[in-house]
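Printed here is coords36.txt (compact mmCIF, C-alpha atoms and all ligand atoms):
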# COMPACT_ATOMS: atom_id res chain seq x y z
CA MET A 88 9.55 62.65 -23.31
CA LEU A 89 8.24 63.18 -26.82
CA ARG A 90 11.53 63.56 -28.54
CA LEU A 91 13.70 61.58 -30.86
CA SER A 92 16.67 60.07 -29.08
CA LYS A 93 20.13 61.24 -30.03
CA THR A 94 20.80 57.66 -31.07
CA PHE A 95 17.99 57.62 -33.57
CA ALA A 96 18.75 61.10 -34.83
CA ALA A 97 22.38 60.08 -35.40
CA LEU A 98 21.24 57.01 -37.26
CA VAL A 99 19.14 59.06 -39.65
CA ILE A 100 21.93 61.57 -40.20
CA ALA A 101 24.48 58.82 -40.76
CA ALA A 102 22.38 57.22 -43.51
CA PRO A 103 21.66 60.02 -45.99
CA PHE A 104 19.50 57.90 -48.32
CA VAL A 105 17.07 57.38 -45.44
CA ALA A 106 15.79 60.95 -45.62
CA ALA A 107 14.81 60.44 -49.28
CA GLN A 108 12.77 57.40 -48.27
CA SER A 109 10.73 58.97 -45.53
CA ALA A 110 7.72 56.92 -46.54
CA VAL A 111 9.59 53.81 -45.54
CA TRP A 112 10.44 55.40 -42.21
CA GLY A 113 6.78 56.11 -41.61
CA GLN A 114 5.31 55.39 -38.22
CA CYS A 115 3.58 52.01 -37.88
CA GLY A 116 2.93 51.72 -34.16
CA GLY A 117 3.60 53.00 -30.68
CA THR A 118 2.04 55.19 -28.02
CA GLY A 119 -1.20 56.69 -29.20
CA TRP A 120 -0.72 55.53 -32.76
CA THR A 121 -4.04 54.94 -34.50
CA GLY A 122 -2.76 54.80 -38.08
CA PRO A 123 -1.76 51.79 -40.15
CA THR A 124 0.37 49.18 -38.40
CA THR A 125 1.53 47.31 -41.47
CA CYS A 126 4.41 48.37 -43.64
CA ALA A 127 4.86 48.73 -47.37
CA ALA A 128 6.27 45.67 -49.14
CA GLY A 129 9.94 45.27 -48.39
CA SER A 130 9.89 46.98 -45.00
CA THR A 131 9.10 45.80 -41.52
CA CYS A 132 7.75 47.53 -38.42
CA ALA A 133 10.33 47.93 -35.67
CA TYR A 134 11.15 49.84 -32.51
CA SER A 135 12.74 53.25 -32.98
CA ASN A 136 13.91 54.81 -29.74
CA ASP A 137 13.94 54.62 -25.97
CA TYR A 138 12.00 57.75 -25.14
CA TYR A 139 9.14 57.89 -27.58
CA SER A 140 7.32 54.57 -27.87
CA ARG A 141 7.16 54.61 -31.62
CA GLU A 142 7.68 51.97 -34.26
CA LEU A 143 8.83 52.72 -37.77
CA CYS A 144 8.86 50.87 -41.09
CA ILE A 145 12.41 49.76 -41.75
CA VAL A 146 13.78 48.14 -44.91
CA PRO A 147 15.45 44.79 -44.14
CA CYS A 148 18.36 45.52 -46.50
CA LEU A 149 18.87 48.78 -44.64
CA ARG A 150 18.87 46.79 -41.43
CA ALA A 151 21.55 44.59 -42.94
CA HIS A 152 23.49 47.63 -44.07
CA ILE A 153 23.55 49.20 -40.65
CA LEU A 154 23.70 45.98 -38.68
CA THR A 155 27.41 46.44 -38.41
CA THR A 156 27.18 49.84 -36.74
CA SER A 157 27.30 49.99 -32.98
CA THR A 158 24.18 52.15 -33.06
CA TRP A 159 22.19 49.44 -34.71
CA ARG A 160 23.63 46.76 -32.48
CA LYS A 161 22.38 48.78 -29.51
CA LEU A 162 18.95 49.29 -31.02
CA ARG A 163 18.78 45.63 -31.94
CA MET A 164 19.08 44.70 -28.29
CA HIS A 165 15.93 46.59 -27.43
CA PRO A 166 12.85 44.45 -26.72
CA ARG A 167 10.83 46.08 -29.45
CA ILE A 168 13.35 44.72 -31.90
CA ALA A 169 13.61 41.40 -30.09
CA THR A 170 9.94 40.80 -29.46
CA SER A 171 7.84 43.24 -31.45
CA THR A 172 7.62 43.30 -35.20
CA SER A 173 4.62 43.52 -37.47
CA THR A 174 4.50 39.74 -37.48
CA GLY A 175 4.69 39.40 -33.69
CA SER A 176 7.09 37.39 -31.54
CA ALA A 177 6.47 34.09 -33.30
CA SER A 178 9.63 32.40 -32.08
CA LEU A 179 8.86 32.82 -28.37
CA PRO A 180 6.17 30.95 -26.44
CA SER A 181 3.03 32.67 -25.19
CA GLY A 182 1.14 32.07 -21.97
CA THR A 183 -1.74 29.64 -22.10
CA SER A 184 -3.83 30.31 -18.98
CA THR A 185 -7.26 31.88 -19.39
CA ALA A 186 -7.42 32.83 -15.69
CA LYS A 187 -8.25 36.36 -14.54
CA LEU A 188 -5.61 37.54 -12.10
CA ASN A 189 -7.69 39.82 -9.86
CA THR A 190 -10.44 37.22 -9.62
CA LEU A 191 -7.86 34.65 -8.56
CA ALA A 192 -6.18 37.02 -6.09
CA THR A 193 -9.38 38.13 -4.39
CA GLY A 194 -10.64 34.55 -4.34
CA ASN A 195 -7.46 33.67 -2.45
CA GLY A 196 -7.95 36.33 0.21
CA LYS A 197 -5.92 39.15 -1.32
CA VAL A 198 -7.30 42.67 -1.71
CA TYR A 199 -6.26 43.08 -5.34
CA PHE A 200 -3.98 42.22 -8.22
CA GLY A 201 -3.04 45.39 -10.06
CA SER A 202 -0.91 47.23 -12.58
CA ALA A 203 0.75 50.61 -12.86
CA THR A 204 -0.28 52.73 -15.79
CA ASP A 205 0.61 56.14 -17.19
CA ASN A 206 -1.26 58.88 -19.00
CA PRO A 207 0.46 58.68 -22.43
CA GLU A 208 -0.62 55.04 -22.71
CA LEU A 209 -4.28 55.81 -22.29
CA THR A 210 -4.67 56.71 -25.97
CA ASP A 211 -3.79 53.09 -26.84
CA THR A 212 -7.24 51.52 -26.98
CA ALA A 213 -6.03 47.91 -27.09
CA TYR A 214 -3.86 48.59 -24.04
CA VAL A 215 -6.67 50.31 -22.15
CA ALA A 216 -9.12 47.50 -22.92
CA ILE A 217 -6.92 44.96 -21.13
CA LEU A 218 -6.07 47.36 -18.29
CA SER A 219 -9.75 48.16 -17.71
CA ASP A 220 -10.82 44.56 -17.14
CA ASN A 221 -11.29 44.55 -13.39
CA THR A 222 -11.34 40.78 -13.27
CA MET A 223 -7.73 40.99 -14.47
CA PHE A 224 -6.63 44.15 -12.64
CA GLY A 225 -8.50 45.19 -9.51
CA GLN A 226 -6.13 48.06 -8.79
CA ILE A 227 -4.06 50.61 -10.69
CA THR A 228 -1.20 52.94 -9.73
CA PRO A 229 -0.37 56.19 -11.51
CA GLY A 230 3.19 55.66 -12.78
CA ASN A 231 4.07 59.34 -12.99
CA SER A 232 1.20 61.81 -12.95
CA TRP A 233 0.74 62.10 -9.18
CA LYS A 234 4.40 62.82 -8.53
CA TRP A 235 5.55 66.17 -7.19
CA ASP A 236 6.98 67.47 -10.48
CA ALA A 237 3.66 66.68 -12.18
CA THR A 238 1.28 67.97 -9.51
CA GLU A 239 3.07 71.05 -8.13
CA PRO A 240 5.61 72.14 -10.75
CA THR A 241 5.54 75.68 -9.37
CA GLN A 242 5.23 76.29 -5.66
CA GLY A 243 1.60 76.60 -4.65
CA THR A 244 0.24 75.92 -8.15
CA PHE A 245 -1.28 72.46 -8.33
CA THR A 246 -2.26 70.69 -11.54
CA PHE A 247 -4.34 67.55 -11.22
CA THR A 248 -5.65 67.16 -14.75
CA ALA A 249 -3.42 64.23 -15.67
CA GLY A 250 -3.68 62.72 -12.21
CA ASP A 251 -7.45 62.92 -12.30
CA ALA A 252 -7.51 60.97 -15.56
CA ILE A 253 -6.08 58.01 -13.65
CA LEU A 254 -8.60 58.46 -10.83
CA ASP A 255 -11.44 58.67 -13.36
CA LEU A 256 -10.22 55.53 -15.10
CA ALA A 257 -10.04 53.56 -11.84
CA GLN A 258 -13.50 54.72 -10.83
CA ALA A 259 -15.00 53.97 -14.25
CA ASN A 260 -13.46 50.50 -14.10
CA GLY A 261 -14.34 49.79 -10.48
CA GLN A 262 -10.66 49.48 -9.54
CA LEU A 263 -8.78 50.41 -6.38
CA LEU A 264 -6.02 53.00 -6.56
CA ARG A 265 -2.62 53.11 -4.90
CA GLY A 266 -1.48 56.73 -4.58
CA HIS A 267 2.11 57.25 -5.70
CA ASN A 268 3.78 59.31 -4.26
CA CYS A 269 4.21 62.21 -1.86
CA VAL A 270 7.87 62.57 -0.88
CA TRP A 271 10.63 61.15 -3.08
CA TYR A 272 14.10 62.39 -3.99
CA ASN A 273 13.35 61.88 -7.69
CA GLN A 274 10.97 63.69 -10.03
CA LEU A 275 10.98 66.77 -7.85
CA PRO A 276 10.45 70.22 -9.32
CA SER A 277 13.62 72.30 -9.18
CA TRP A 278 12.12 74.71 -6.66
CA VAL A 279 12.25 71.80 -4.18
CA SER A 280 15.36 69.89 -5.28
CA SER A 281 17.59 72.95 -5.64
CA GLY A 282 18.00 73.22 -1.86
CA THR A 283 17.21 76.94 -1.92
CA LEU A 284 14.38 76.61 0.58
CA SER A 285 15.34 76.93 4.23
CA ALA A 286 14.60 73.96 6.50
CA SER A 287 11.38 75.50 7.79
CA GLU A 288 10.33 76.52 4.27
CA LEU A 289 11.00 73.01 3.00
CA GLU A 290 9.06 71.43 5.84
CA SER A 291 6.02 73.61 5.25
CA ALA A 292 6.28 73.10 1.46
CA MET A 293 6.37 69.32 2.00
CA VAL A 294 3.44 69.36 4.40
CA ASN A 295 1.48 71.62 2.05
CA HIS A 296 2.27 69.42 -0.95
CA CYS A 297 1.23 66.17 0.73
CA THR A 298 -1.78 67.70 2.44
CA THR A 299 -3.04 69.14 -0.85
CA LEU A 300 -2.36 65.92 -2.78
CA LEU A 301 -4.08 63.68 -0.24
CA THR A 302 -6.95 66.11 0.25
CA HIS A 303 -7.53 66.22 -3.51
CA TYR A 304 -7.67 62.41 -3.69
CA LYS A 305 -9.37 62.01 -0.30
CA GLY A 306 -11.46 58.86 -0.18
CA GLY A 307 -10.27 57.83 -3.64
CA THR A 308 -7.34 55.59 -2.78
CA TYR A 309 -6.89 52.27 -1.02
CA SER A 310 -3.33 53.13 -0.03
CA PHE A 311 -0.75 55.83 -0.69
CA ASP A 312 3.05 55.80 -0.90
CA ILE A 313 3.79 58.75 1.37
CA VAL A 314 7.55 58.26 1.56
CA ASN A 315 9.37 56.62 -1.33
CA GLU A 316 12.88 55.16 -1.22
CA PRO A 317 14.30 56.84 1.92
CA PHE A 318 17.34 54.55 2.29
CA ASN A 319 20.50 53.68 0.44
CA ASP A 320 21.16 49.96 -0.05
CA ASP A 321 23.67 49.91 2.81
CA GLY A 322 20.98 51.14 5.18
CA THR A 323 22.18 54.71 5.54
CA TRP A 324 19.65 57.45 4.90
CA ARG A 325 19.50 58.74 1.37
CA THR A 326 21.04 62.19 1.47
CA ASP A 327 18.32 63.93 -0.51
CA VAL A 328 17.05 67.44 0.08
CA PHE A 329 14.61 66.24 2.75
CA TYR A 330 17.18 64.36 4.83
CA ASN A 331 19.83 67.01 4.32
CA GLU A 332 17.61 69.77 5.63
CA LEU A 333 15.23 68.04 8.01
CA ASN A 334 17.18 64.95 9.05
CA THR A 335 14.92 61.96 9.73
CA THR A 336 12.08 64.14 11.04
CA TYR A 337 10.61 64.53 7.58
CA VAL A 338 9.23 60.98 7.74
CA PRO A 339 7.01 61.31 10.85
CA THR A 340 6.10 64.86 9.87
CA VAL A 341 4.77 63.92 6.46
CA LEU A 342 3.06 60.73 7.66
CA THR A 343 1.23 62.73 10.31
CA ALA A 344 0.16 65.34 7.75
CA ALA A 345 -1.02 62.61 5.38
CA ARG A 346 -3.18 60.96 8.04
CA ALA A 347 -4.79 64.29 8.85
CA ALA A 348 -5.50 64.97 5.18
CA ASP A 349 -7.07 61.60 4.38
CA PRO A 350 -7.73 59.32 7.34
CA SER A 351 -9.25 56.71 5.01
CA THR A 352 -6.16 55.74 3.02
CA LYS A 353 -3.45 53.37 4.18
CA LEU A 354 -0.14 55.16 4.56
CA TYR A 355 2.88 53.36 3.11
CA ILE A 356 6.62 53.70 2.94
CA ASN A 357 7.72 52.19 -0.37
CA GLU A 358 11.22 50.90 -1.11
CA TYR A 359 13.21 48.63 -3.43
CA ASN A 360 15.62 45.86 -2.41
CA LEU A 361 13.69 44.92 0.71
CA GLU A 362 13.31 41.43 -0.72
CA TYR A 363 16.44 40.16 1.00
CA ALA A 364 18.18 40.80 4.32
CA SER A 365 20.51 43.78 3.98
CA GLY A 366 21.48 47.04 5.60
CA LYS A 367 18.54 48.63 3.86
CA SER A 368 15.93 46.15 5.06
CA ALA A 369 17.39 46.29 8.60
CA SER A 370 17.10 50.07 8.60
CA MET A 371 13.55 49.89 7.33
CA LEU A 372 12.61 47.46 10.09
CA SER A 373 14.13 49.80 12.67
CA LEU A 374 12.30 52.76 11.19
CA VAL A 375 8.96 50.95 11.28
CA LYS A 376 9.53 49.92 14.90
CA SER A 377 10.41 53.42 16.01
CA LEU A 378 7.55 55.09 14.08
CA LEU A 379 5.01 52.70 15.56
CA ALA A 380 6.51 53.09 19.04
CA ASP A 381 6.06 56.85 18.66
CA ASP A 382 2.45 56.44 17.48
CA VAL A 383 3.28 57.88 14.07
CA PRO A 384 0.61 56.81 11.56
CA LEU A 385 1.96 54.09 9.29
CA ASP A 386 -0.02 51.21 7.79
CA GLY A 387 2.14 49.46 5.27
CA ILE A 388 5.49 48.81 3.67
CA GLY A 389 5.73 48.51 -0.10
CA PHE A 390 8.18 45.97 -1.51
CA GLN A 391 8.72 47.43 -4.97
CA GLY A 392 10.01 44.19 -6.49
CA HIS A 393 12.14 45.36 -9.42
CA LEU A 394 13.80 41.98 -9.89
CA ILE A 395 16.07 40.13 -12.31
CA VAL A 396 15.32 36.85 -14.07
CA GLY A 397 17.22 34.01 -12.40
CA GLN A 398 18.14 36.18 -9.42
CA VAL A 399 14.89 36.41 -7.49
CA PRO A 400 15.64 36.17 -3.75
CA THR A 401 14.23 33.16 -1.93
CA SER A 402 13.76 35.32 1.17
CA ILE A 403 10.79 37.42 0.01
CA GLN A 404 8.31 35.61 2.24
CA SER A 405 10.49 35.81 5.36
CA GLN A 406 11.30 39.45 4.66
CA MET A 407 7.61 40.26 4.41
CA GLU A 408 6.89 38.34 7.60
CA ALA A 409 9.52 40.37 9.44
CA PHE A 410 7.46 43.49 8.68
CA THR A 411 4.01 42.05 9.25
CA ALA A 412 5.24 40.78 12.63
CA LEU A 413 5.65 44.44 13.60
CA GLY A 414 1.99 45.16 12.84
CA VAL A 415 2.06 46.72 9.37
CA GLU A 416 0.70 45.23 6.17
CA VAL A 417 2.90 44.72 3.12
CA ALA A 418 2.33 44.73 -0.62
CA ILE A 419 4.43 44.11 -3.69
CA THR A 420 4.01 47.47 -5.33
CA GLU A 421 6.08 47.64 -8.52
CA LEU A 422 6.83 44.10 -9.64
CA ASP A 423 8.76 43.44 -12.82
CA ILE A 424 11.42 40.82 -13.57
CA ARG A 425 13.83 41.90 -16.25
CA MET A 426 16.21 39.91 -18.42
CA THR A 427 19.21 40.57 -20.60
CA LEU A 428 17.97 40.79 -24.17
CA PRO A 429 17.39 39.21 -26.53
CA ALA A 430 14.64 37.23 -24.86
CA THR A 431 14.87 33.48 -25.35
CA GLU A 432 12.56 30.59 -24.59
CA ALA A 433 14.81 29.59 -21.70
CA LEU A 434 14.69 33.10 -20.23
CA TYR A 435 10.91 33.16 -20.61
CA GLU A 436 10.70 29.85 -18.74
CA GLN A 437 12.95 31.10 -15.93
CA GLN A 438 10.87 34.28 -15.78
CA LYS A 439 7.73 32.17 -15.42
CA THR A 440 9.26 30.39 -12.41
CA ASP A 441 10.41 33.72 -10.98
CA TYR A 442 6.97 35.31 -11.24
CA GLN A 443 5.44 32.21 -9.69
CA ASN A 444 7.80 32.39 -6.72
CA VAL A 445 7.18 36.09 -6.05
CA ILE A 446 3.41 35.70 -6.23
CA ALA A 447 3.55 32.58 -4.04
CA ALA A 448 5.52 34.54 -1.43
CA CYS A 449 2.77 37.17 -1.18
CA GLN A 450 0.18 34.41 -1.21
CA ALA A 451 1.87 32.76 1.78
CA VAL A 452 1.86 35.92 3.91
CA ASP A 453 -1.51 36.89 5.38
CA GLY A 454 -0.47 40.51 5.73
CA CYS A 455 0.54 40.80 2.06
CA VAL A 456 -2.51 42.51 0.61
CA GLY A 457 -1.72 42.37 -3.08
CA VAL A 458 0.70 42.59 -5.96
CA THR A 459 1.01 45.43 -8.48
CA ILE A 460 3.05 44.93 -11.63
CA TRP A 461 4.91 48.01 -12.87
CA ASP A 462 2.80 48.10 -15.98
CA TYR A 463 1.53 44.90 -17.42
CA THR A 464 3.16 45.04 -20.85
CA ASP A 465 6.69 45.32 -22.20
CA LYS A 466 5.29 47.94 -24.56
CA TYR A 467 5.30 50.50 -21.75
CA SER A 468 7.89 49.17 -19.32
CA TRP A 469 10.39 51.63 -17.82
CA VAL A 470 13.15 49.00 -17.86
CA PRO A 471 14.79 49.32 -21.32
CA SER A 472 15.33 53.05 -21.04
CA THR A 473 16.99 52.67 -17.64
CA PHE A 474 18.92 49.40 -17.95
CA SER A 475 20.67 49.28 -21.28
CA GLY A 476 20.24 45.92 -23.02
CA GLN A 477 17.62 44.68 -20.56
CA GLY A 478 13.87 44.40 -20.79
CA ALA A 479 11.01 41.97 -21.44
CA ALA A 480 10.23 42.35 -17.73
CA CYS A 481 6.42 42.26 -17.79
CA PRO A 482 3.92 39.38 -18.07
CA TRP A 483 2.50 40.66 -21.36
CA ASP A 484 4.83 41.18 -24.33
CA SER A 485 4.97 44.36 -26.37
CA ASN A 486 2.20 43.05 -28.65
CA LEU A 487 -0.05 42.75 -25.57
CA VAL A 488 0.15 38.95 -25.71
CA ILE A 489 0.54 37.04 -22.44
CA LYS A 490 3.93 35.39 -21.86
CA PRO A 491 4.72 32.25 -19.86
CA ALA A 492 5.24 34.69 -16.95
CA PHE A 493 1.46 35.10 -16.89
CA ASP A 494 1.05 31.37 -16.31
CA GLY A 495 3.66 31.67 -13.56
CA ILE A 496 1.53 34.29 -11.79
CA VAL A 497 -1.50 32.03 -12.04
CA ALA A 498 0.51 29.11 -10.65
CA GLY A 499 1.84 31.27 -7.80
CA MET A 500 -1.68 32.27 -6.81
CA SER A 501 -2.80 28.68 -6.86
CA ALA A 502 0.09 27.47 -4.70
O1 LIG A 601 7.79 54.20 -14.21
C1 LIG A 601 8.36 55.44 -13.90
C2 LIG A 601 9.08 55.97 -15.13
O2 LIG A 601 8.16 56.24 -16.17
C3 LIG A 601 9.83 57.23 -14.76
O3 LIG A 601 10.60 57.64 -15.88
C4 LIG A 601 10.74 56.94 -13.59
C5 LIG A 601 11.50 58.19 -13.19
O4 LIG A 601 12.25 57.98 -12.08
O5 LIG A 601 9.96 56.49 -12.50
C6 LIG A 601 9.37 55.27 -12.78
O6 LIG A 601 8.72 54.75 -11.65
C7 LIG A 601 9.54 54.51 -10.50
C8 LIG A 601 8.66 54.64 -9.29
O7 LIG A 601 8.01 55.88 -9.30
C9 LIG A 601 9.44 54.45 -8.02
N1 LIG A 601 10.17 53.21 -8.02
C10 LIG A 601 10.99 52.98 -9.20
C11 LIG A 601 10.14 53.11 -10.46
C12 LIG A 601 10.96 52.77 -11.69
O8 LIG A 601 11.97 53.70 -11.88
Let me see whether you can do it: turn the structure in this file into C-alpha cells.
Amino acid sequence: MLRLSKTFAALVIAAPFVAAQSAVWGQCGGTGWTGPTTCAAGSTCAYSNDYYSRELCIVPCLRAHILTTSTWRKLRMHPRIATSTSTGSASLPSGTSTAKLNTLATGNGKVYFGSATDNPELTDTAYVAILSDNTMFGQITPGNSWKWDATEPTQGTFTFTAGDAILDLAQANGQLLRGHNCVWYNQLPSWVSSGTLSASELESAMVNHCTTLLTHYKGGTYSFDIVNEPFNDDGTWRTDVFYNELNTTYVPTVLTAARAADPSTKLYINEYNLEYASGKSASMLSLVKSLLADDVPLDGIGFQGHLIVGQVPTSIQSQMEAFTALGVEVAITELDIRMTLPATEALYEQQKTDYQNVIAACQAVDGCVGVTIWDYTDKYSWVPSTFSGQGAACPWDSNLVIKPAFDGIVAGMSA
C-alpha cells in the first residue's frame, strides 16, 4: 500500500524541473502525517496518489502547466483535489447539525451507529478523536486487519497484532465491534486462493481459520461477518475457491464452526446489492430459509450499502423486511454513497437526501439493528481507488468536516 502510484511517478518523471524543486513537492498532509500542513508561498497542498494517502505542496503555475496532460486531468478528478486543499473546501456547504449519531440511534431503539476504520489511519490523531467519540460512533468495524490475508498469511501462523489494535480501540472507547470477516473470495492469502489444497484440506483450513479467529476475539464482538459476498448479482453462486471445491456446503460448515468458537457473537452473511429485488437477493432469501430450516446457526444478514448518489433504491425497507420476516436481524454494514467528481453543491444536496432515505429505511425496520458507514471520512474512503473519477462518498469530507450528508443521517434517524 505504501507506494507511489505509477501515475504519480510518471508525472514526476515527465516534469524534470520538479525534481530540482523537491522542497515544493514536500509532504503537507495525509495518513500519519504529523509535520507541517501549510505550504511555502506560491504552492498549495493537494492530493498526490490513490494508494498512499499523502498530500504534497504543488505550485499553481505547475498545475497550470500540467493541467493539459491526461495524467493531471485524472488526478484533478480525485476528491482530494476537488475537496481538500490547505484552505479547505470553501465552495461546498458543510453540515450544520450538532447531533451525535450513536446517541440518536440508540435513543431510537437501534443498537448502534458505527464506522469502519483501518490501522493506518490510527496515527491520524484528529481522525481518531472523532472516531473515538462513542456518542457519535457506538460501533467500529476493522476494514482490513481481521481478513484472512492479514490474520493467517501463512497456513497455521496467525498474526493478530493489527487486529488487536482495533479491538483495543473499541474497548478503550466503549464501542461495539463487528467482526469482518471469516470467509471471502477476496483478500485471501495465496496458499488458500491458489486452489492447491484438496477439498478436505480446504475445508479443514477454513474451519481452523474461522475457529481460531472467532476464538481469539471470543466475547469481544457484537456480530461477525462469517461469510462475505457468496453470490454473483444474477443470483448464481460466486465461483470462488470455496464454492469450486466444497460447493454450497462451505456456508453451513463455517457457520457451525463459528457458533462453536464463539456462541456469544451474532453470525452474519454480508452482501452487496441486496437493497433491491434481484437474482442475488432472491438467492440470499432462499439460502437464509434453507439454513434456518436445517438449524444452521445464522443470526443476521448484512446489507453492505455501497450506493450511488441519485440512484439509491426505494426498496431498502421492503428488502430488509423480507429478511426479518424469516427470523434474522439485518444491519446496514458498509454504507457509503458515492458521486462522480467533482463534488458540487447539488450533488451534496442529493447525497443528503440519499443518506436520509437509507437511514430512515433502517429506522423503519424493527429488525434493523444499526448502520455502519464504511469509514466516516472521504480522507480514508476506499471509493476513489476502486471507482475511477468517483468519491466524496462519506458524511465527513477529507478535512474531517461534516457534509450535508451528516444532516441527512440526522434527519433519517428523526423520521
Ligand atoms: O475497505 C476495504 C479496502 O481498504 C480494501 O482495499 C478492499 C479490498 O477488497 O476491501 C475494502 O472493504 C470491502 C469489504 O471488506 C467488503 N465489502 C466491500 C468493501 C469495499 O471494497
Env. residues ligand LIG 601 (chain A) / 6 Å / only C-alpha atoms and all ligand atoms / as a PDB file with C-alpha atoms, keeping the file's coordinate frame:
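What landed in out_8.pdb:
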ATOM      1  CA  GLY A 230       3.190  55.660 -12.780  1.00  0.00           C
ATOM      2  CA  ASN A 231       4.070  59.340 -12.990  1.00  0.00           C
ATOM      3  CA  ASN A 273      13.350  61.880  -7.690  1.00  0.00           C
ATOM      4  CA  TRP A 469      10.390  51.630 -17.820  1.00  0.00           C
TER       5      TRP A 469
END
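Taking CA of Gly389 (chain A) and CA of Glu239 (chain A) as the two end points, the separation is 24.1 Å.
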Practice prompt. Measuring atom to atom with all atoms listed in the file, identify which of A:Pro350, A:Pro400, A:Gly457, A:Pro229 is nearest to Ile253 (chain A).
Written response: A:Pro229
Worksheet item: Rounded to one decimal in Å, what is the spacing between CA of Thr302 (chain A) and CA of Gly392 (chain A)?
Response: 28.5 Å
Protein/DNA/RNA residues near (13.1, 41.7, 8.4), cut 9 Å, all atoms listed in the file, as a PDB file with C-alpha atoms, keeping the file's coordinate frame:
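Output (part_15.pdb):
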ATOM      1  CA  LEU A 361      13.690  44.920   0.710  1.00  0.00           C
ATOM      2  CA  TYR A 363      16.440  40.160   1.000  1.00  0.00           C
ATOM      3  CA  ALA A 364      18.180  40.800   4.320  1.00  0.00           C
ATOM      4  CA  SER A 365      20.510  43.780   3.980  1.00  0.00           C
ATOM      5  CA  SER A 368      15.930  46.150   5.060  1.00  0.00           C
ATOM      6  CA  ALA A 369      17.390  46.290   8.600  1.00  0.00           C
ATOM      7  CA  MET A 371      13.550  49.890   7.330  1.00  0.00           C
ATOM      8  CA  LEU A 372      12.610  47.460  10.090  1.00  0.00           C
ATOM      9  CA  SER A 405      10.490  35.810   5.360  1.00  0.00           C
ATOM     10  CA  GLN A 406      11.300  39.450   4.660  1.00  0.00           C
ATOM     11  CA  MET A 407       7.610  40.260   4.410  1.00  0.00           C
ATOM     12  CA  GLU A 408       6.890  38.340   7.600  1.00  0.00           C
ATOM     13  CA  ALA A 409       9.520  40.370   9.440  1.00  0.00           C
ATOM     14  CA  PHE A 410       7.460  43.490   8.680  1.00  0.00           C
ATOM     15  CA  ALA A 412       5.240  40.780  12.630  1.00  0.00           C
TER      16      ALA A 412
END
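Using only C-alpha atoms for every distance, the candidate list A:Asn189, A:Thr323, A:Ser232, A:Thr464 yields A:Ser232 as the residue closest to His267 (chain A).
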Worksheet entry | Within-10 Å shell of (-7.4, 64.1, 2.1) in input frame, only C-alpha atoms, as a VMD selection string | chain A and resid 297 to 308 344 to 352
Item to complete: Might you pull out every residue within 12 Å of Arg325 (chain A), with all atoms listed in the file counted and same-chain residues fewer than 3 positions away left off, and present them as a list in words?
Response: Trp271, Tyr272, Asn273, Val314, Asn315, Glu316, Pro317, Phe318, Asn319, Asp320, Asp321, Gly322, Val328, Phe329, Tyr330, Asn331, Glu332, Asn334, Thr335, Glu358, Lys367 and Ser370 of chain A
Output of region 301-312 of chain A limited to N, CA and C atoms, as an mmCIF file, in the first residue's frame:
data_model
loop_
_atom_site.group_PDB
_atom_site.id
_atom_site.type_symbol
_atom_site.label_atom_id
_atom_site.label_comp_id
_atom_site.auth_asym_id
_atom_site.auth_seq_id
_atom_site.Cartn_x
_atom_site.Cartn_y
_atom_site.Cartn_z
ATOM 1 N N LEU A 301 -12.402 -16.558 15.558
ATOM 2 C CA LEU A 301 -13.501 -16.279 16.486
ATOM 3 C C LEU A 301 -13.142 -16.616 17.932
ATOM 4 N N THR A 302 -12.267 -17.591 18.107
ATOM 5 C CA THR A 302 -11.818 -17.904 19.468
ATOM 6 C C THR A 302 -10.960 -16.760 19.999
ATOM 7 N N HIS A 303 -10.106 -16.225 19.133
ATOM 8 C CA HIS A 303 -9.241 -15.115 19.561
ATOM 9 C C HIS A 303 -10.083 -13.907 20.000
ATOM 10 N N TYR A 304 -11.135 -13.637 19.261
ATOM 11 C CA TYR A 304 -11.970 -12.459 19.567
ATOM 12 C C TYR A 304 -13.244 -12.835 20.342
ATOM 13 N N LYS A 305 -13.219 -14.013 20.951
ATOM 14 C CA LYS A 305 -14.394 -14.520 21.676
ATOM 15 C C LYS A 305 -14.864 -13.512 22.727
ATOM 16 N N GLY A 306 -16.137 -13.225 22.692
ATOM 17 C CA GLY A 306 -16.714 -12.298 23.670
ATOM 18 C C GLY A 306 -16.465 -10.837 23.351
ATOM 19 N N GLY A 307 -15.671 -10.577 22.310
ATOM 20 C CA GLY A 307 -15.296 -9.190 22.012
ATOM 21 C C GLY A 307 -16.112 -8.520 20.929
ATOM 22 N N THR A 308 -16.980 -9.283 20.270
ATOM 23 C CA THR A 308 -17.723 -8.694 19.151
ATOM 24 C C THR A 308 -19.236 -8.780 19.401
ATOM 25 N N TYR A 309 -19.941 -7.812 18.834
ATOM 26 C CA TYR A 309 -21.409 -7.874 18.831
ATOM 27 C C TYR A 309 -21.877 -8.853 17.752
ATOM 28 N N SER A 310 -21.248 -8.745 16.593
ATOM 29 C CA SER A 310 -21.633 -9.584 15.453
ATOM 30 C C SER A 310 -20.381 -9.841 14.612
ATOM 31 N N PHE A 311 -20.511 -10.770 13.664
ATOM 32 C CA PHE A 311 -19.326 -11.167 12.897
ATOM 33 C C PHE A 311 -19.765 -11.587 11.504
ATOM 34 N N ASP A 312 -19.171 -11.001 10.478
ATOM 35 C CA ASP A 312 -19.442 -11.430 9.101
ATOM 36 C C ASP A 312 -18.687 -12.733 8.856
#
